[in-house]
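Here's input30.cif, which has mmCIF, C-alpha atoms:
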```cif
data_input
loop_
_atom_site.label_atom_id
_atom_site.label_comp_id
_atom_site.auth_asym_id
_atom_site.auth_seq_id
_atom_site.Cartn_x
_atom_site.Cartn_y
_atom_site.Cartn_z
CA MET O 179 121.36 107.83 118.36
CA ASN O 180 119.30 108.05 115.20
CA TYR O 181 119.54 110.99 112.81
CA ARG O 182 117.01 112.48 110.40
CA ARG O 183 117.24 114.91 107.52
CA LEU O 184 115.94 118.34 108.43
CA GLY O 185 113.20 118.97 105.90
CA LYS O 186 114.48 118.44 102.35
CA SER O 187 117.92 119.79 103.23
CA GLY O 188 121.01 117.61 103.46
CA LEU O 189 121.46 118.50 107.13
CA LYS O 190 121.09 115.57 109.53
CA VAL O 191 120.14 116.12 113.16
CA SER O 192 119.69 113.81 116.12
CA GLU O 193 116.14 112.70 116.85
CA ILE O 194 116.56 114.08 120.35
CA SER O 195 118.03 117.59 120.62
CA LEU O 196 118.91 119.65 123.67
CA GLY O 197 117.57 123.12 124.38
CA SER O 198 118.43 125.79 126.93
CA TRP O 199 115.15 127.64 127.56
CA LEU O 200 114.32 128.33 131.23
CA THR O 201 117.46 126.49 132.29
CA TYR O 202 120.96 127.42 131.19
CA GLY O 203 122.19 130.75 132.40
CA ASP O 204 119.25 130.97 134.79
CA SER O 205 117.89 128.15 136.94
CA VAL O 206 120.64 125.65 136.20
CA GLU O 207 124.12 126.24 137.55
CA ARG O 208 126.78 126.67 134.88
CA ASP O 209 128.75 123.53 135.82
CA GLY O 210 125.60 121.41 135.80
CA ALA O 211 124.58 122.79 132.42
CA VAL O 212 128.00 122.02 130.93
CA LYS O 213 127.90 118.48 132.33
CA THR O 214 124.45 117.95 130.83
CA ILE O 215 125.58 119.18 127.41
CA ASP O 216 128.70 117.01 127.61
CA PHE O 217 126.64 113.94 128.42
CA ALA O 218 124.22 114.63 125.55
CA TYR O 219 127.09 115.10 123.10
CA GLU O 220 128.78 111.86 124.16
CA ALA O 221 125.43 110.06 123.83
CA GLY O 222 125.17 111.11 120.19
CA VAL O 223 123.07 114.25 120.41
CA ASN O 224 124.44 116.56 117.72
CA PHE O 225 121.76 119.27 117.77
CA PHE O 226 121.80 122.05 120.36
CA ASP O 227 119.39 124.97 120.62
CA THR O 228 119.50 128.35 122.30
CA ALA O 229 118.30 131.94 121.74
CA ASN O 230 119.47 135.47 122.36
CA VAL O 231 116.54 136.20 124.69
CA TYR O 232 117.16 133.24 126.98
CA ASN O 233 118.23 135.10 130.10
CA ARG O 234 119.38 138.00 127.89
CA GLY O 235 122.25 136.13 126.26
CA GLU O 236 123.49 134.17 129.26
CA ALA O 237 122.23 130.85 127.86
CA GLU O 238 124.18 131.43 124.65
CA LYS O 239 127.35 131.97 126.66
CA VAL O 240 126.89 128.71 128.56
CA VAL O 241 126.08 126.68 125.44
CA GLY O 242 128.99 128.22 123.54
CA GLU O 243 131.39 127.50 126.40
CA ALA O 244 130.25 123.88 126.69
CA LEU O 245 130.53 123.12 122.97
CA ARG O 246 133.85 124.90 122.45
CA LYS O 247 135.86 121.79 123.27
CA TYR O 248 134.29 119.81 120.41
CA PRO O 249 135.08 119.98 116.67
CA ARG O 250 132.81 122.59 115.11
CA GLU O 251 131.76 120.25 112.32
CA SER O 252 130.53 117.64 114.81
CA TYR O 253 127.47 119.51 116.06
CA VAL O 254 124.57 121.60 114.79
CA LEU O 255 123.85 124.79 116.71
CA ALA O 256 120.77 126.98 116.45
CA THR O 257 119.97 130.35 117.95
CA LYS O 258 117.17 132.87 117.42
CA VAL O 259 116.17 136.49 116.87
CA PHE O 260 112.97 138.46 117.49
CA GLY O 261 112.42 139.14 121.18
CA PRO O 262 113.41 142.37 122.95
CA MET O 263 117.08 142.73 123.83
CA GLY O 264 116.87 146.35 124.97
CA GLU O 265 114.48 149.23 125.56
CA GLY O 266 114.86 150.98 122.19
CA PRO O 267 112.30 150.89 119.36
CA ASN O 268 114.67 148.82 117.18
CA ASP O 269 115.73 146.38 119.89
CA LYS O 270 113.18 143.75 118.89
CA GLY O 271 111.45 142.30 115.85
CA LEU O 272 112.68 141.08 112.48
CA SER O 273 113.89 144.23 110.79
CA ARG O 274 117.14 144.07 108.83
CA LYS O 275 118.78 146.26 111.51
CA HIS O 276 117.75 144.05 114.44
CA ILE O 277 118.63 140.80 112.63
CA PHE O 278 122.12 141.98 111.68
CA GLU O 279 122.90 143.41 115.09
CA GLN O 280 121.57 140.44 117.01
CA LEU O 281 123.26 137.79 114.91
CA HIS O 282 126.63 139.43 115.47
CA ALA O 283 125.90 139.79 119.19
CA SER O 284 124.98 136.09 119.36
CA LEU O 285 128.12 135.04 117.52
CA LYS O 286 130.18 137.10 119.96
CA ARG O 287 128.53 135.44 122.98
CA LEU O 288 128.86 131.99 121.42
CA ARG O 289 132.43 132.80 120.29
CA LEU O 290 131.75 131.28 116.88
CA ASP O 291 132.08 132.39 113.27
CA TYR O 292 128.70 131.02 112.20
CA VAL O 293 125.54 129.30 113.42
CA ASP O 294 124.03 126.35 111.60
CA ILE O 295 120.42 127.50 111.96
CA TYR O 296 119.11 130.99 112.65
CA TYR O 297 115.46 131.08 113.68
CA CYS O 298 113.03 133.96 113.36
CA HIS O 299 111.69 133.34 116.85
CA ARG O 300 108.18 134.55 116.05
CA TYR O 301 106.39 136.17 113.12
CA ASP O 302 106.75 139.95 113.02
CA PRO O 303 103.60 141.67 111.67
CA GLU O 304 105.41 145.04 111.69
CA THR O 305 108.15 144.02 109.26
CA PRO O 306 107.64 142.86 105.65
CA VAL O 307 108.54 139.20 105.27
CA GLU O 308 110.59 140.16 102.22
CA GLU O 309 112.82 142.43 104.33
CA THR O 310 113.33 139.70 106.91
CA LEU O 311 114.13 136.93 104.44
CA LYS O 312 116.47 139.13 102.40
CA ALA O 313 118.41 140.00 105.55
CA ILE O 314 118.67 136.31 106.48
CA ASP O 315 119.71 135.44 102.92
CA ASP O 316 122.45 138.07 102.97
CA LEU O 317 123.85 136.55 106.15
CA ILE O 318 123.71 133.09 104.58
CA ARG O 319 125.70 134.37 101.61
CA GLN O 320 128.24 135.85 104.04
CA GLY O 321 128.66 132.42 105.64
CA LYS O 322 127.43 133.52 109.06
CA ILE O 323 124.26 131.42 108.86
CA LEU O 324 123.99 128.07 107.09
CA TYR O 325 120.21 127.51 107.17
CA ALA O 326 117.15 129.68 107.81
CA GLY O 327 114.38 128.71 110.20
CA VAL O 328 111.31 130.08 111.93
CA SER O 329 109.53 129.28 115.17
CA GLU O 330 105.80 129.10 115.82
CA TRP O 331 104.82 130.42 112.39
CA SER O 332 101.35 129.45 111.21
CA ALA O 333 100.71 127.42 108.07
CA ALA O 334 99.71 130.60 106.22
CA GLN O 335 102.87 132.38 107.35
CA LEU O 336 105.00 129.44 106.20
CA GLU O 337 103.30 129.54 102.81
CA GLU O 338 103.98 133.27 102.61
CA ALA O 339 107.66 132.73 103.42
CA VAL O 340 107.99 130.14 100.64
CA ARG O 341 106.32 132.44 98.09
CA VAL O 342 108.51 135.40 99.03
CA ALA O 343 111.70 133.34 98.96
CA ASP O 344 110.89 131.83 95.55
CA ARG O 345 109.88 135.17 94.06
CA ASN O 346 113.15 136.78 95.17
CA LEU O 347 115.39 133.75 94.56
CA LEU O 348 116.27 133.54 98.26
CA ASP O 349 117.23 130.51 100.32
CA ARG O 350 114.06 128.88 101.61
CA ILE O 351 113.53 128.20 105.28
CA ILE O 352 114.14 124.54 106.03
CA VAL O 353 112.75 124.26 109.55
CA ASN O 354 109.93 125.43 111.78
CA GLN O 355 110.09 125.09 115.57
CA PRO O 356 106.59 124.78 117.03
CA VAL O 357 105.29 123.50 120.33
CA TYR O 358 104.02 119.93 120.01
CA ASN O 359 103.16 117.25 122.51
CA MET O 360 100.35 114.90 123.44
CA LEU O 361 98.46 117.73 125.10
CA ASN O 362 98.99 120.34 122.36
CA ARG O 363 98.58 118.96 118.84
CA TYR O 364 97.66 122.05 116.84
CA ILE O 365 100.36 121.54 114.18
CA GLU O 366 98.83 118.28 112.96
CA LYS O 367 95.98 119.96 111.09
CA GLU O 368 97.83 122.48 108.88
CA VAL O 369 101.46 123.08 109.86
CA ILE O 370 102.76 119.54 109.27
CA PRO O 371 100.98 119.22 105.88
CA VAL O 372 102.52 122.54 104.76
CA GLY O 373 105.90 121.37 106.00
CA GLU O 374 105.60 118.14 104.03
CA LYS O 375 104.52 120.06 100.94
CA HIS O 376 107.44 122.51 100.97
CA GLY O 377 110.20 120.45 102.56
CA ILE O 378 110.12 122.29 105.89
CA GLY O 379 110.98 120.00 108.79
CA GLN O 380 109.63 120.43 112.31
CA VAL O 381 111.83 120.57 115.41
CA VAL O 382 109.28 120.53 118.21
CA PHE O 383 109.74 122.11 121.61
CA SER O 384 108.02 121.32 124.90
CA PRO O 385 107.57 117.65 123.88
CA LEU O 386 106.89 116.74 127.51
CA ALA O 387 104.47 119.64 128.10
CA GLN O 388 106.79 121.42 130.54
CA GLY O 389 107.32 118.18 132.47
CA VAL O 390 103.65 117.24 132.83
CA LEU O 391 104.22 114.23 130.57
CA THR O 392 106.82 112.84 132.95
CA GLY O 393 103.99 111.95 135.33
CA LYS O 394 105.39 114.01 138.21
CA TYR O 395 102.19 116.04 138.52
CA ARG O 396 99.08 114.21 139.73
CA LYS O 397 95.46 115.26 139.94
CA GLY O 398 94.86 116.52 143.47
CA GLY O 399 98.51 116.00 144.36
CA LYS O 400 101.04 118.42 145.75
CA ILE O 401 103.36 120.32 143.44
CA PRO O 402 106.81 118.68 143.74
CA GLU O 403 109.46 120.89 145.32
CA GLY O 404 112.01 122.16 142.83
CA SER O 405 109.73 121.54 139.84
CA ARG O 406 108.87 124.17 137.25
CA ALA O 407 105.38 124.48 138.69
CA SER O 408 106.90 125.50 142.04
CA ASN O 409 108.91 128.30 140.42
CA PRO O 410 106.91 131.57 140.24
CA GLU O 411 108.74 132.67 137.06
CA GLN O 412 108.23 129.38 135.24
CA LYS O 413 104.80 128.48 136.61
CA LYS O 414 102.98 130.60 134.02
CA PHE O 415 104.21 128.32 131.24
CA ILE O 416 102.97 125.12 132.84
CA ASP O 417 99.65 126.07 134.43
CA ARG O 418 97.69 125.46 131.21
CA PHE O 419 98.67 121.79 131.35
CA LEU O 420 97.68 121.27 135.00
CA THR O 421 93.92 121.08 134.50
CA ASP O 422 91.95 118.12 135.81
CA GLU O 423 91.05 117.11 132.24
CA LYS O 424 94.68 116.98 131.12
CA LEU O 425 95.89 115.27 134.28
CA ASP O 426 93.22 112.58 133.80
CA LYS O 427 94.69 111.90 130.36
CA VAL O 428 98.20 111.79 131.82
CA GLU O 429 97.06 109.16 134.29
CA LYS O 430 95.68 106.95 131.49
CA LEU O 431 98.77 107.45 129.36
CA SER O 432 100.88 106.37 132.34
CA GLY O 433 99.03 103.07 132.22
CA ILE O 434 100.06 102.53 128.60
CA ALA O 435 103.67 103.35 129.46
CA ALA O 436 103.53 100.81 132.28
CA ASP O 437 102.33 98.15 129.82
CA TYR O 438 105.49 98.78 127.79
CA ASN O 439 107.59 98.92 130.96
CA ILE O 440 108.86 102.37 129.99
CA LYS O 441 108.67 105.87 131.43
CA LEU O 442 105.77 108.12 130.45
CA SER O 443 108.32 110.62 129.10
CA GLN O 444 109.70 107.95 126.79
CA LEU O 445 106.23 107.08 125.55
CA ALA O 446 105.53 110.76 124.87
CA LEU O 447 108.74 111.19 122.87
CA ALA O 448 108.28 107.97 120.91
CA TRP O 449 104.75 109.11 120.03
CA ILE O 450 106.14 112.40 118.69
CA LEU O 451 108.81 110.71 116.60
CA ARG O 452 106.17 108.66 114.77
CA GLN O 453 105.70 111.77 112.60
CA GLU O 454 108.07 111.66 109.62
CA ASN O 455 107.98 115.45 109.16
CA ILE O 456 109.36 115.89 112.68
CA ALA O 457 113.14 115.77 112.53
CA SER O 458 113.84 116.17 116.23
CA ALA O 459 112.19 116.52 119.63
CA LEU O 460 113.82 119.33 121.59
CA ILE O 461 114.14 118.46 125.26
CA GLY O 462 115.14 120.57 128.23
CA ALA O 463 117.34 118.96 130.84
CA SER O 464 119.02 120.15 134.00
CA ARG O 465 120.79 116.86 134.76
CA PRO O 466 122.53 114.21 132.64
CA GLU O 467 120.15 111.55 133.96
CA GLN O 468 117.24 113.31 132.29
CA VAL O 469 119.01 113.19 128.93
CA GLU O 470 119.81 109.52 129.44
CA GLU O 471 116.16 108.74 130.15
CA ASN O 472 114.81 110.71 127.22
CA ILE O 473 117.14 109.43 124.51
CA ARG O 474 115.99 105.88 125.18
CA ALA O 475 112.76 106.85 123.44
CA ILE O 476 114.42 106.53 120.03
CA ASP O 477 114.40 102.72 120.33
CA ILE O 478 110.71 102.42 121.20
CA ASN O 479 108.38 101.31 118.42
CA LEU O 480 104.71 101.80 119.20
CA THR O 481 102.25 99.40 117.57
CA ASN O 482 99.28 100.63 115.56
CA GLU O 483 97.03 99.31 118.32
CA THR O 484 98.89 101.34 120.93
CA LEU O 485 98.78 104.46 118.77
CA GLU O 486 95.03 104.00 118.43
CA ASP O 487 94.66 103.62 122.19
CA ILE O 488 96.67 106.82 122.70
CA SER O 489 94.55 108.64 120.12
CA ASN O 490 91.37 107.60 121.92
CA ILE O 491 92.69 108.92 125.23
CA LEU O 492 93.81 112.22 123.72
CA SER O 493 90.45 112.67 121.97
CA GLU O 494 88.45 112.38 125.18
CA ASP O 495 86.62 115.56 126.24
#
```

Target encoding structure tokens, full file:
Amino acid sequence: MNYRRLGKSGLKVSEISLGSWLTYGDSVERDGAVKTIDFAYEAGVNFFDTANVYNRGEAEKVVGEALRKYPRESYVLATKVFGPMGEGPNDKGLSRKHIFEQLHASLKRLRLDYVDIYYCHRYDPETPVEETLKAIDDLIRQGKILYAGVSEWSAAQLEEAVRVADRNLLDRIIVNQPVYNMLNRYIEKEVIPVGEKHGIGQVVFSPLAQGVLTGKYRKGGKIPEGSRASNPEQKKFIDRFLTDEKLDKVEKLSGIAADYNIKLSQLALAWILRQENIASALIGASRPEQVEENIRAIDINLTNETLEDISNILSED
């Protein structure tokens, strides 16, 4: 495994990290989830990601249970706050009240004293950024959080967070977690430049576009049984990638992968890791074999010619 610094911090994370969205505590059986985490850990993955809203805390319980057997200093664990965890008016968002209550609830489910990274899962327009960052900073000073992060914040929102933190002498955020893959490249224009400017690393989720960049979905083909696209609850997240235009690109990208004698998924991950500001690609896996396949991407070096060919394919209308 290779490791990269997360932003300008001293924290080093594996280039491939393992998430638990739409899987652990829900569609993946507990034993299978634990086996997958165990395999990833033994393979050198040191960065694990979850969130309070993933199946209303059940994913945190599974991840915490799986990692409990390992020395705490040997892995980096992230969880998140923002989404609704109840029906009350203060059961969501980034208010000081919700942040404090949810962090302690997460720590209880994880059975840990602290988390390495605590993400503000989305931007909260109803709460002043100053209130949010001060609450996070207080928890950092208490030793319950080591580093602050955000997820899917825009370039302008990241800039705002840096200004507020500097003005109030607060710990800066060190990481943003956006979606990024060959079929969704919005962060390249503004988010990555802002990250490079302020030392905010990117940990990207959905690097395989919900499985579309594995090549399992074909234009005009049947939806594979047991896939996310066959699951009514998960289908809404993948439909936007199953257009004829995108599947045409996937077909051409598969040809490039074949030239390298690698899987399309490995090509997609190697392409992501070409970006220096990206510290880690966050994969989802329901079986150890998927982790094994994906981590092989760290050893793939794409030539400038290949990167240009990929760019031409992705730029096609």

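Distances to Thr214 of chain O were evaluated for O:Val428, O:Ala387, O:Ile456, O:Val240 using all atoms listed in the file, and the minimum falls at O:Val240.
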
(request) Rank O:Thr228, O:Thr310, O:Asn359, O:Ser329 by their smallest atom-to-atom distance to Asp294 of chain O, using only C-alpha atoms, and report the top residue only. (result)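 Of the candidates, the smallest distance to Asp294 of chain O is held by O:Thr228.
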
Centre and edges of the segment 207-211 of chain O box, axis-aligned, 4 Å extra per side, as AutoDock Vina command-line options:
```
--center_x 126.4 --center_y 124.0 --center_z 135.0 --size_x 12.6 --size_y 13.3 --size_z 13.1
```

(message) List as an NGL selection string the protein and nucleic acid residues near Thr481 of chain O, meaning an atom at most 12 Å away when only C-alpha atoms are counted, but skip any in the same chain fewer than 5 places from it.
(response) :O and (434 or 438 or 445 or 448-449 or 452 or 486-488)

(request) Return as a ChimeraX atom specification the set of residues that the PyMOL selection byres ((chain O and resi 261) around 7) yields on the displayed structure. (result) /O:231,259-260,262-263,270-271

(request) Could you state which residues are captured by the PyMOL selection byres ((chain O and resi 250-256) around 8) in this file, as a PyMOL selection string? (result) chain O and resi 191+224-229+246+248-249+257-258+293-297

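The space between atom CA of Asn180 of chain O and atom CA of Asp209 of chain O spans 27.5 Å.
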
(request) Could you state which residues are captured by the PyMOL selection byres ((chain O and resi 281) around 10) in this file, as a ChimeraX atom specification? (result) /O:230,257-259,276-280,282-287,292-293,296,314,317,322-323

(request) Can you work out the spacing between atom CA of Glu494 of chain O and atom CA of Arg418 of chain O in Å, to one decimal? (result)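 Rounded to one decimal, the two atoms are 17.1 Å apart.
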